[in-house]
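All remarks here apply to the structure that follows.
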Amino acid sequence: MLARNQPRRRQSLLERYGGQLGELVERQRARAALETARQNAETAAEQTRAAMKETERANRALRDEMSQRLKALADLEYLANHDPLTDLANRNLFNERLDQVLDRARRTGEAVALMILDVDHFKDVNDTLGHQVGDELLRVIGKRLAASVRAEDTVARLGGDEFALIQVGLNYPTDANVQAERILRALAEPVHVANHKLFPMGSIGITVFPSDADTAQKLQQNADLAMYRAKADHRSSYRFFDADLNSLSERRNFLEQQLRGALDYEQLMIYFQPKVSIRHGKPVGAEALLRWMHPEQGMIPPSEFIPVAEKTGMIAELGEWTLTHACRQFKQWHDAGYAQMKLAVNLSAAQFSLLDVPDMVRRVTSETGFDPTKLELEITETAVMSDLHNAVEVLTDLHEVGVNLSIDDFGTGYSSLSYLRQLPVNRIKIDRSFIAEVDTADTAATIARAVVNLGQSLGLEIVAEGVESAEQLAYLREINCDEAQGYYYSEPIPADAFEKYLREHVGPATPLVN
Ligand code: C2E
Ligand code: MG
Ligand code: MG
């Protein structure tokens, strides 16, 4: 019975508890789900915390890097705007300040003075006492300049031994005098450096805005020019720019600007002027003379552009260009059979301080395959005398390269033959101002004779330049002068004309057979 009833009981139990059981299962499932969700949330929170930490660390690193970079940037900016030796503003910052000051002055109508100061004889200090002493001197000068101006003024070191000062708010242009005198007084105090007692001096050029010029560039040119004049007039002095200087500077600026393009635009040429042996009347060589054919201005004489090239430093490039092209041309003539022709090229003393001239000459002769013993370098007497010590050194080195050396324009400088003994020169060229008068003025004739006699007794060959007439030549032959050069034979002429000259006066080219 009982057994028969069992299925029914189960059925009723199910009916009774089935609903509760389902609920229980449901609840357990929900709890499990909740637990999973909680665990998930915790993991997520953990991950978020880790991510936040990571972000914080990265932020910190970024902040550190940013501040480092900012500092580097500030350092760089300082370096870009200051002169490391004196800590003064450098040319960069000076230009920026000058622009700002002029902008303001245009609005307010105030006057501004620009001064450029160049230390006198600084090169001597550097050369004789060494660069360390030179640097220390510049540092002291920088400090003195900074101390003698007002806070609103700017002192800068433009480079080398050149400083600049912008003086604002002038009541009268002559306020600048007072400032310049104060600076020169401050400078003149002795400086003690490494057991040396130095008395620094400077030359100052002054220009005033707006009366002299209204742009920064023009003002700088004015001040520069006035400074050069101050230096030439009387060292340790100041000089205001004036209109007389202006026309000179206009031309100089023009040439300076144009000269930069001359090499690039192939406006430069070399002309050759024959040198003739007086004894047998045959050409023995030529002097290379630079010519600048300007597209609008026509031929600009070297007497005008060489000084500009010297002043701007372009003479280094120009000199090397001339030597290279002259040697290359002459090498062709040598190879064509005129192997005995000597080439003379002018050298500027300004090249000495710009580059290692003996090294340059060695390089050029080797690159062009030109025999250095056939090369003569002409350097003017005044250039040699202006820095005899240095000239002796450079000429001695050049002598070792194997080239010949001659003193150009002899008689226009100190006219002393005694210094020639110190120099390894082979020849002297009597200046054409004497030659022009040898047949008419007794003094010129006497000087020419004395130069030939004394020069030859020192073992030198004598060349007369600027020979224009048969009478002059006759006199030169009489006094036994070696060579002559001048319009009497030929003016300086282009290469193709010179080749023709050689054919006519030496004979047809007979190439060397190898
Ligand atoms: P310099 O070296 O004394 O050259 C001789 C100058 O006298 C040349 O002037 C020449 O044309 C001129 N001359 C020649 N024969 C006569 C004559 O019979 N009568 C007259 N009145 N003059 C004559 P240029 O070519 O105008 O050169 C002038 C100066 O420019 C040269 O004088 C030289 O010091 C310089 N120069 C020329 N080319 C160069 C160069 O490549 N480098 C350097 N550093 N200076 C150069
Ligand atoms: Mg010459
Ligand atoms: Mg000369």
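Residue numbering restarts at 1 for every chain of the structure tokens, chains are lettered A, B, ... in their displayed order, and ligands are numbered from 1 as they appear.
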
Give me, as CSV, each residue of chain A that comes within 8 Å of ligand 1, together with its shortest interatomic pair and the distance in Å at one decimal, counting only C-alpha atoms and all ligand atoms, with rows ordered by chain and rising residue number.
```
residue,atom,partner,partner_atom_place_in_ligand_line,distance
A:Ile270,CA,ligand 1,41 (O),7.7
A:Gln273,CA,ligand 1,14 (C),7.2
A:Glu287,CA,ligand 1,4 (O),7.8
A:Ala288,CA,ligand 1,41 (O),6.6
A:Leu289,CA,ligand 1,38 (N),3.8
A:Leu290,CA,ligand 1,38 (N),4.0
A:Arg291,CA,ligand 1,38 (N),7.1
A:Pro301,CA,ligand 1,26 (O),5.4
A:Pro302,CA,ligand 1,30 (O),4.5
A:Ser303,CA,ligand 1,30 (O),4.8
A:Ile306,CA,ligand 1,45 (N),6.1
A:Ile315,CA,ligand 1,44 (N),7.3
A:Leu318,CA,ligand 1,41 (O),7.5
A:Gly319,CA,ligand 1,42 (N),5.8
A:Thr322,CA,ligand 1,41 (O),5.6
A:Leu323,CA,ligand 1,41 (O),7.6
A:Val345,CA,ligand 1,41 (O),6.3
A:Asn346,CA,ligand 1,42 (N),4.5
A:Leu347,CA,ligand 1,44 (N),4.3
A:Ser348,CA,ligand 1,44 (N),4.0
A:Ala349,CA,ligand 1,44 (N),7.8
A:Glu378,CA,ligand 1,2 (O),7.0
A:Ile379,CA,ligand 1,34 (O),7.9
A:Thr380,CA,ligand 1,34 (O),7.0
A:Asp408,CA,ligand 1,3 (O),6.0
A:Asp409,CA,ligand 1,3 (O),5.6
A:Asp431,CA,ligand 1,3 (O),7.2
A:Arg432,CA,ligand 1,20 (C),6.9
A:Ala436,CA,ligand 1,19 (N),8.0
A:Glu465,CA,ligand 1,15 (N),6.1
A:Gly466,CA,ligand 1,18 (O),3.4
A:Val467,CA,ligand 1,18 (O),4.7
A:Glu468,CA,ligand 1,18 (O),4.6
A:Gln485,CA,ligand 1,15 (N),6.0
A:Gly486,CA,ligand 1,18 (O),3.5
A:Tyr487,CA,ligand 1,18 (O),3.8
A:Tyr488,CA,ligand 1,18 (O),6.3
A:Ser490,CA,ligand 1,15 (N),7.6
A:Glu491,CA,ligand 1,15 (N),6.0
A:Pro492,CA,ligand 1,11 (O),5.7
```

Report task. Assign secondary structure with DSSP using the backbone only, and return the residues of segment 111-232 of chain A in alpha helix (DSSP H) as a ChimeraX atom specification. Result -> /A:122-129,131-147,175-188,216-232

**Report entry** Close residues, Asp397 of chain A itself excluded, 10 Å, only C-alpha atoms, min 6 positions apart in chain, as an NGL selection string
**Finding:** :A and (356-359 or 391 or 403 or 424)

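Each of A:Lys429, A:Arg31, A:Arg449, A:Arg63 was checked against ligand 3 using only C-alpha atoms and all ligand atoms; the smallest atom-to-atom distance is that of A:Lys429.
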
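Considering only C-alpha atoms, the residue among A:Ser386, A:Gly281, A:Ile116, A:Met314 positioned nearest to Leu354 of chain A is A:Met314.
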
Requested in this report: Give the answer as one residue: which of A:Ser203, A:Gln472, A:Gln257, A:Thr55 has the shortest atom-to-atom distance to Ala226 of chain A, using only C-alpha atoms?
Outcome: A:Ser203

Query raised in the report: Which residues, written as JSON, numbers by chain, have at least one atom at most 8 Å from Val276 of chain A, with only C-alpha atoms counted and residues fewer than 6 positions away on the same chain left out?
Result: {"A": [282, 283, 284, 285, 483, 484, 485, 489]}

Report task. From segment 315-453 of chain A, collect each residue whose DSSP state is strand (DSSP E or B) and return the set as a ChimeraX atom specification. Result -> /A:342-347,375-380,404-410,427-430
